[in-house]
>>> print(open('upload_34.cif').read())   # mmCIF, C-alpha atoms
data_target
loop_
_atom_site.label_atom_id
_atom_site.label_comp_id
_atom_site.auth_asym_id
_atom_site.auth_seq_id
_atom_site.Cartn_x
_atom_site.Cartn_y
_atom_site.Cartn_z
CA MET F 1 0.00 0.00 0.00
CA ILE F 2 2.83 2.41 0.89
CA ARG F 3 4.52 1.66 -2.45
CA ARG F 4 1.36 2.47 -4.41
CA LEU F 5 0.59 5.66 -2.49
CA GLY F 6 4.17 6.85 -2.72
CA LEU F 7 4.35 6.41 -6.46
CA LEU F 8 0.97 8.07 -6.97
CA GLY F 9 2.03 11.05 -4.91
CA MET F 10 5.25 11.48 -6.88
CA LEU F 11 3.40 11.34 -10.17
CA LEU F 12 1.03 14.03 -9.02
CA GLY F 13 3.13 16.64 -7.84
CA GLY F 14 20.84 7.00 -1.44
CA SER F 15 23.37 5.90 -1.19
CA ILE F 16 24.36 4.80 2.15
CA TRP F 17 27.42 2.92 3.17
CA VAL F 18 26.79 1.69 6.69
CA GLY F 19 29.22 -1.16 7.03
CA ALA F 20 28.56 -4.75 6.07
CA SER F 21 27.81 -5.89 9.60
CA GLY F 22 27.62 -4.84 13.22
CA MET F 23 25.90 -1.53 12.55
CA ASP F 24 24.36 0.05 15.62
CA ASP F 25 21.46 2.46 15.55
CA ASP F 26 23.63 5.49 16.35
CA ALA F 27 26.39 4.86 13.80
CA PRO F 28 26.80 7.56 11.11
CA LEU F 29 25.66 6.57 7.63
CA VAL F 30 27.76 7.33 4.55
CA CYS F 31 25.46 7.80 1.56
CA TYR F 32 26.67 7.27 -2.01
CA SER F 33 25.21 8.59 -5.24
CA THR F 34 26.45 10.09 -8.50
CA VAL F 35 26.14 13.59 -9.98
CA TYR F 36 22.80 13.82 -11.77
CA PRO F 37 21.28 17.33 -11.70
CA PRO F 38 18.84 18.40 -10.37
CA TYR F 39 18.72 15.31 -8.13
CA VAL F 40 22.41 15.34 -7.21
CA LEU F 41 24.58 18.45 -7.74
CA GLU F 42 28.21 19.18 -6.91
CA ASN F 43 29.22 22.83 -6.65
CA ASP F 44 32.54 24.03 -5.21
CA GLY F 45 32.95 20.80 -3.29
CA GLY F 46 29.44 20.94 -1.82
CA ILE F 47 26.73 18.38 -2.58
CA ALA F 48 23.07 19.36 -2.98
CA GLY F 49 20.02 18.51 -5.09
CA ILE F 50 16.50 17.14 -4.76
CA ASP F 51 17.47 13.59 -3.79
CA VAL F 52 20.33 14.79 -1.60
CA ASP F 53 18.01 17.04 0.40
CA VAL F 54 15.50 14.18 0.75
CA VAL F 55 18.23 11.90 2.15
CA ARG F 56 19.32 14.61 4.57
CA GLU F 57 15.72 15.05 5.65
CA LEU F 58 15.57 11.31 6.26
CA GLY F 59 18.55 11.64 8.56
CA ARG F 60 16.98 14.56 10.41
CA ARG F 61 13.69 12.73 10.96
CA LEU F 62 15.37 9.52 12.06
CA ASP F 63 17.94 11.40 14.17
CA ARG F 64 20.81 9.79 12.27
CA GLU F 65 23.98 11.44 10.97
CA ILE F 66 24.26 10.95 7.19
CA ASP F 67 27.39 11.76 5.19
CA ILE F 68 26.73 11.90 1.44
CA ARG F 69 29.55 11.04 -0.97
CA LEU F 70 29.80 10.76 -4.74
CA GLU F 71 31.08 8.00 -7.00
CA PRO F 72 30.93 7.53 -10.79
CA TRP F 73 27.83 5.61 -11.85
CA ASN F 74 29.50 2.50 -13.29
CA ARG F 75 31.75 2.12 -10.25
CA LEU F 76 28.83 2.66 -7.90
CA GLU F 77 26.82 -0.07 -9.62
CA ARG F 78 29.79 -2.45 -9.42
CA ASP F 79 30.47 -1.67 -5.74
CA LEU F 80 26.85 -2.24 -4.77
CA ARG F 81 26.70 -5.51 -6.69
CA GLN F 82 29.92 -6.70 -5.00
CA GLY F 83 28.64 -5.83 -1.52
CA LYS F 84 30.97 -2.87 -1.00
CA ARG F 85 28.09 -0.41 -0.55
CA ASP F 86 25.16 -1.11 1.71
CA CYS F 87 22.89 1.53 0.21
CA VAL F 88 22.78 3.89 -2.80
CA PHE F 89 20.34 6.32 -4.40
CA SER F 90 18.54 6.46 -6.77
CA TYR F 91 18.02 3.16 -8.61
CA PHE F 92 15.44 1.69 -10.95
CA HIS F 93 13.96 -1.60 -9.78
CA THR F 94 15.08 -4.61 -11.83
CA PRO F 95 14.85 -8.37 -11.15
CA ALA F 96 18.66 -8.68 -11.36
CA ARG F 97 19.19 -6.06 -8.66
CA GLU F 98 16.78 -7.87 -6.33
CA ALA F 99 19.54 -10.41 -5.70
CA TYR F 100 21.78 -7.88 -3.93
CA ALA F 101 19.62 -4.80 -3.24
CA ARG F 102 16.49 -4.11 -1.20
CA PHE F 103 14.33 -1.30 -2.59
CA THR F 104 12.46 1.16 -0.41
CA GLY F 105 8.68 1.02 -0.64
CA VAL F 106 8.41 4.70 -1.64
CA PRO F 107 10.44 6.12 -4.57
CA MET F 108 12.91 8.95 -4.20
CA HIS F 109 11.57 10.40 -7.45
CA VAL F 110 9.80 9.30 -10.61
CA THR F 111 11.79 9.38 -13.84
CA GLN F 112 10.00 10.38 -17.02
CA TYR F 113 12.29 9.56 -19.92
CA THR F 114 11.59 11.68 -22.98
CA LEU F 115 13.24 13.21 -26.02
CA PHE F 116 14.37 16.83 -26.09
CA TYR F 117 14.54 18.41 -29.54
CA ASN F 118 14.51 21.67 -31.48
CA PRO F 119 10.92 22.37 -32.63
CA ASP F 120 12.23 24.54 -35.46
CA ALA F 121 13.82 21.42 -36.96
CA PHE F 122 10.95 19.06 -36.06
CA PRO F 123 7.77 21.16 -35.86
CA ASP F 124 5.46 18.15 -36.12
CA ALA F 125 7.26 15.74 -33.76
CA HIS F 126 4.92 13.71 -31.55
CA SER F 127 6.66 10.38 -30.96
CA LEU F 128 9.90 8.44 -31.29
CA LYS F 129 8.85 7.44 -34.82
CA ASP F 130 9.34 11.02 -35.93
CA PHE F 131 13.09 10.62 -35.26
CA VAL F 132 13.71 7.50 -37.33
CA GLY F 133 17.06 7.83 -39.09
CA ARG F 134 18.18 10.61 -36.74
CA ARG F 135 21.10 10.99 -34.31
CA ILE F 136 20.07 10.89 -30.66
CA GLY F 137 22.32 11.64 -27.69
CA VAL F 138 22.24 9.29 -24.69
CA ASN F 139 24.25 9.18 -21.47
CA ARG F 140 26.84 6.40 -21.64
CA GLY F 141 25.91 3.43 -19.45
CA PHE F 142 22.40 4.57 -18.53
CA ARG F 143 19.30 2.46 -19.08
CA THR F 144 16.97 3.66 -21.82
CA THR F 145 13.37 2.68 -22.55
CA PRO F 146 12.15 -0.57 -24.18
CA ALA F 147 10.88 1.29 -27.24
CA PHE F 148 14.14 3.22 -27.60
CA SER F 149 16.25 0.08 -27.19
CA ALA F 150 14.16 -1.72 -29.81
CA ALA F 151 14.54 1.15 -32.28
CA ARG F 152 18.29 1.18 -31.67
CA GLU F 153 18.66 -2.57 -32.18
CA ALA F 154 16.59 -2.35 -35.39
CA GLY F 155 18.93 0.34 -36.72
CA GLN F 156 16.11 2.89 -36.88
CA ILE F 157 18.07 5.50 -34.92
CA GLU F 158 21.74 6.35 -34.48
CA VAL F 159 22.77 6.65 -30.85
CA VAL F 160 25.54 9.08 -29.88
CA GLU F 161 26.86 8.25 -26.41
CA VAL F 162 28.01 11.14 -24.22
CA ASN F 163 29.39 11.50 -20.69
CA GLU F 164 26.70 13.86 -19.40
CA ASP F 165 23.41 15.44 -20.41
CA ALA F 166 24.82 18.98 -20.48
CA GLN F 167 27.13 17.85 -23.29
CA SER F 168 24.35 16.27 -25.35
CA LEU F 169 21.99 19.23 -24.92
CA SER F 170 24.73 21.62 -26.03
CA MET F 171 25.31 19.41 -29.08
CA LEU F 172 21.57 19.51 -29.78
CA ALA F 173 21.52 23.30 -29.59
CA LEU F 174 24.37 23.42 -32.13
CA GLY F 175 22.58 21.02 -34.49
CA ARG F 176 25.22 18.29 -34.14
CA ILE F 177 22.55 15.78 -33.05
CA ASP F 178 18.79 15.74 -33.59
CA ALA F 179 17.47 14.87 -30.11
CA VAL F 180 18.51 13.91 -26.58
CA LEU F 181 17.00 11.11 -24.51
CA THR F 182 17.05 11.95 -20.83
CA ASN F 183 15.03 12.40 -17.66
CA TYR F 184 12.43 15.16 -18.06
CA ASP F 185 13.48 16.97 -14.86
CA VAL F 186 17.15 16.73 -15.79
CA GLY F 187 16.48 18.15 -19.24
CA GLN F 188 14.34 21.01 -17.96
CA TYR F 189 16.87 21.91 -15.28
CA LEU F 190 19.78 21.95 -17.72
CA ILE F 191 17.85 23.87 -20.37
CA GLN F 192 17.33 26.62 -17.82
CA SER F 193 20.92 26.47 -16.56
CA LEU F 194 22.44 26.48 -20.06
CA LYS F 195 19.96 29.09 -21.32
CA LEU F 196 18.58 27.01 -24.18
CA PRO F 197 14.88 27.97 -24.03
CA HIS F 198 14.20 27.02 -27.65
CA LEU F 199 14.53 23.30 -26.87
CA ARG F 200 11.38 21.31 -26.05
CA ALA F 201 10.43 18.01 -24.46
CA LEU F 202 8.47 15.43 -26.42
CA LYS F 203 5.10 14.63 -24.86
CA PRO F 204 3.91 12.22 -23.69
CA PRO F 205 7.18 10.79 -22.28
CA LEU F 206 8.51 7.51 -23.62
CA SER F 207 8.37 5.92 -20.16
CA THR F 208 7.63 6.66 -16.50
CA THR F 209 9.69 4.75 -13.93
CA PRO F 210 10.14 5.20 -10.15
CA ALA F 211 13.70 5.44 -8.81
CA TYR F 212 14.45 4.21 -5.29
CA LEU F 213 16.92 4.36 -2.46
CA VAL F 214 18.26 0.82 -2.06
CA LEU F 215 19.89 -1.07 0.80
CA SER F 216 22.00 -4.18 0.67
CA ARG F 217 20.54 -7.52 1.71
CA ASP F 218 22.42 -7.46 5.03
CA PRO F 219 19.91 -8.52 7.75
CA ALA F 220 21.43 -5.85 10.00
CA LEU F 221 19.67 -3.27 7.79
CA ASP F 222 16.14 -4.67 8.20
CA THR F 223 15.11 -2.14 10.83
CA LEU F 224 16.68 0.74 8.93
CA ALA F 225 14.79 -0.21 5.76
CA GLU F 226 11.49 -0.04 7.63
CA LYS F 227 12.38 3.36 9.07
CA PHE F 228 13.31 4.71 5.66
CA ASP F 229 9.97 3.59 4.26
CA TRP F 230 8.08 5.36 7.04
CA ALA F 231 10.09 8.60 6.76
CA LEU F 232 9.94 8.73 2.94
CA PHE F 233 6.18 8.32 3.03
CA GLN F 234 5.84 11.13 5.57
CA ILE F 235 8.13 13.41 3.52
CA LEU F 236 5.84 12.92 0.55
CA LYS F 237 2.59 13.14 2.49
CA ASP F 238 3.29 16.32 4.45
CA GLY F 239 4.46 18.36 1.44
CA THR F 240 8.16 18.37 2.29
CA TYR F 241 9.05 16.71 -1.00
CA ALA F 242 7.20 19.38 -3.00
CA ASP F 243 9.06 22.11 -1.07
CA ILE F 244 12.43 20.46 -1.72
CA ARG F 245 11.68 20.06 -5.42
CA ALA F 246 10.69 23.74 -5.70
CA ARG F 247 14.13 24.79 -4.44
CA TYR F 248 15.72 23.40 -7.58
CA MET F 249 12.97 23.65 -10.16
CA PRO F 250 10.95 26.77 -9.32
CA ALA F 251 10.13 27.30 -12.99
CA SER F 252 9.54 23.63 -13.89
CA GLY F 253 7.54 23.40 -17.07
CA ALA F 254 8.59 26.82 -18.36
CA THR F 255 9.99 25.27 -21.51
CA ASP F 256 7.01 23.02 -22.21
#
>>> encode(input="upload_34.cif", output="structure tokens")
Amino acid sequence: MIRRLGLLGMLLGGSIWVGASGMDDDAPLVCYSTVYPPYVLENDGGIAGIDVDVVRELGRRLDREIDIRLEPWNRLERDLRQGKRDCVFSYFHTPAREAYARFTGVPMHVTQYTLFYNPDAFPDAHSLKDFVGRRIGVNRGFRTTPAFSAAREAGQIEVVEVNEDAQSLSMLALGRIDAVLTNYDVGQYLIQSLKLPHLRALKPPLSTTPAYLVLSRDPALDTLAEKFDWALFQILKDGTYADIRARYMPASGATD
């Protein structure tokens, strides 16, 4: 029930290294994630963002010290899989990850994957089919959508892999690629930051997927997992999540 209500609330509107064993309830938590604005930002050595502030609010409500650290995405995935990280944020749920990761019942955020494009070049674009034969930028190593993967495997689109979304959106603005596949919030945030107001998001999105904070399967984390579920649900229910989101995306939707 909490999972369903949490996802519904997100649609409407970490990670943690705690030691593999012997964790007591007062031990500090070291939370790992990767830079992914506006969810995780790194500025002058400081770490902020929507998901970061949610994790810090979790610590405040549970009266636990949480230290957030960053790690490249591919290394973070490997370290979690190998049992070197007891918790990370934010992850899509997959059957393979169930073997080594326990997902919170309430998502940290909901990812809407969509295409960003220049409407001057594609004035009648309404779906992925309108970009057949075109070059589309995608973050290297990130999951895409089933429809996008199928189009790529069929040779219907040419994928240009990049290291970060800011790079691909800049390439799009210069006409070097025809579209960018990314998270809607990420695209909107970067469009504002890079001052590229002429770019637009394709609607409806290609997919909508919740992203979770996950813990390792260590039994010592059972109680912590339950506490995270309770606190995340309260953060959503009492409006705290909406307030946090507004700090980073006060003009969300301005480029729709």
>>> resolve_selection(input="upload_34.cif", expression="the PyMOL selection byres ((chain F and resi 228-230) around 9)", output="list of chain:residue names")
F:Ile2, F:Arg3, F:Leu58, F:Leu62, F:Thr104, F:Gly105, F:Val106, F:Leu213, F:Thr223, F:Leu224, F:Ala225, F:Glu226, F:Lys227, F:Ala231, F:Leu232, F:Phe233, F:Gln234, F:Ile235
>>> closest_residue(input="upload_34.cif", among="F:Gly175, F:Gly83, F:Gly133, F:Pro146", to="Glu158 of chain F", atoms="all atoms listed in the file")
F:Gly133
>>> resolve_selection(input="upload_34.cif", expression="the PyMOL selection byres ((chain F and resi 33) around 9)", output="PyMOL selection string")
chain F and resi 14-16+31-32+34-36+40+52+68-73+76+88-90
>>> resolve_selection(input="upload_34.cif", expression="the PyMOL selection byres ((chain F and resi 135-145) around 10)", output="PyMOL selection string")
chain F and resi 73-74+92+113-117+131-134+146-152+156-169+171-172+176-183+206-209
>>> closest_residue(input="upload_34.cif", among="F:Tyr241, F:Tyr248, F:Tyr184, F:Phe103", to="Leu41 of chain F", atoms="all atoms listed in the file")
F:Tyr248
>>> residues_near_point(input="upload_34.cif", point="(21.2, -5.2, -9.2)", cutoff="10 Å", atoms="only C-alpha atoms", output="ChimeraX atom specification")
/F:77-78,80-82,91-102,214,216
>>> closest_residue(input="upload_34.cif", among="F:Pro210, F:Pro38, F:Pro28, F:Pro197", to="Gln112 of chain F", atoms="only C-alpha atoms")
F:Pro210
>>> closest_residue(input="upload_34.cif", among="F:Asp120, F:Glu65, F:Asp53, F:Glu42", to="Leu199 of chain F", atoms="all atoms listed in the file")
F:Asp120
>>> closest_residue(input="upload_34.cif", among="F:Ser170, F:Leu215, F:Ala242, F:Val55", to="Asn118 of chain F", atoms="only C-alpha atoms")
F:Ser170
>>> atom_distance(input="upload_34.cif", atom1="atom CA of Arg64 of chain F", atom2="atom CA of Ala27 of chain F")
7.6 Å
>>> residues_near_point(input="upload_34.cif", point="(24.6, -3.8, 3.4)", cutoff="6 Å", atoms="all atoms listed in the file", output="MDAnalysis selection string")
chainID F and resid 20 86 216:218
>>> axis_aligned_box(input="upload_34.cif", around="segment 33-45 of chain F", padding_each_side="8 Å", output="AutoDock Vina command-line options")
--center_x 25.8 --center_y 16.3 --center_z -7.5 --size_x 30.2 --size_y 31.4 --size_z 24.5
>>> atom_distance(input="upload_34.cif", atom1="atom CA of Ile191 of chain F", atom2="atom CA of Arg75 of chain F")
27.7 Å
>>> atom_distance(input="upload_34.cif", atom1="atom CA of Glu57 of chain F", atom2="atom CA of Leu221 of chain F")
18.9 Å
>>> closest_residue(input="upload_34.cif", among="F:Lys237, F:Val30, F:Ala173, F:Ala125", to="Arg85 of chain F", atoms="all atoms listed in the file")
F:Val30
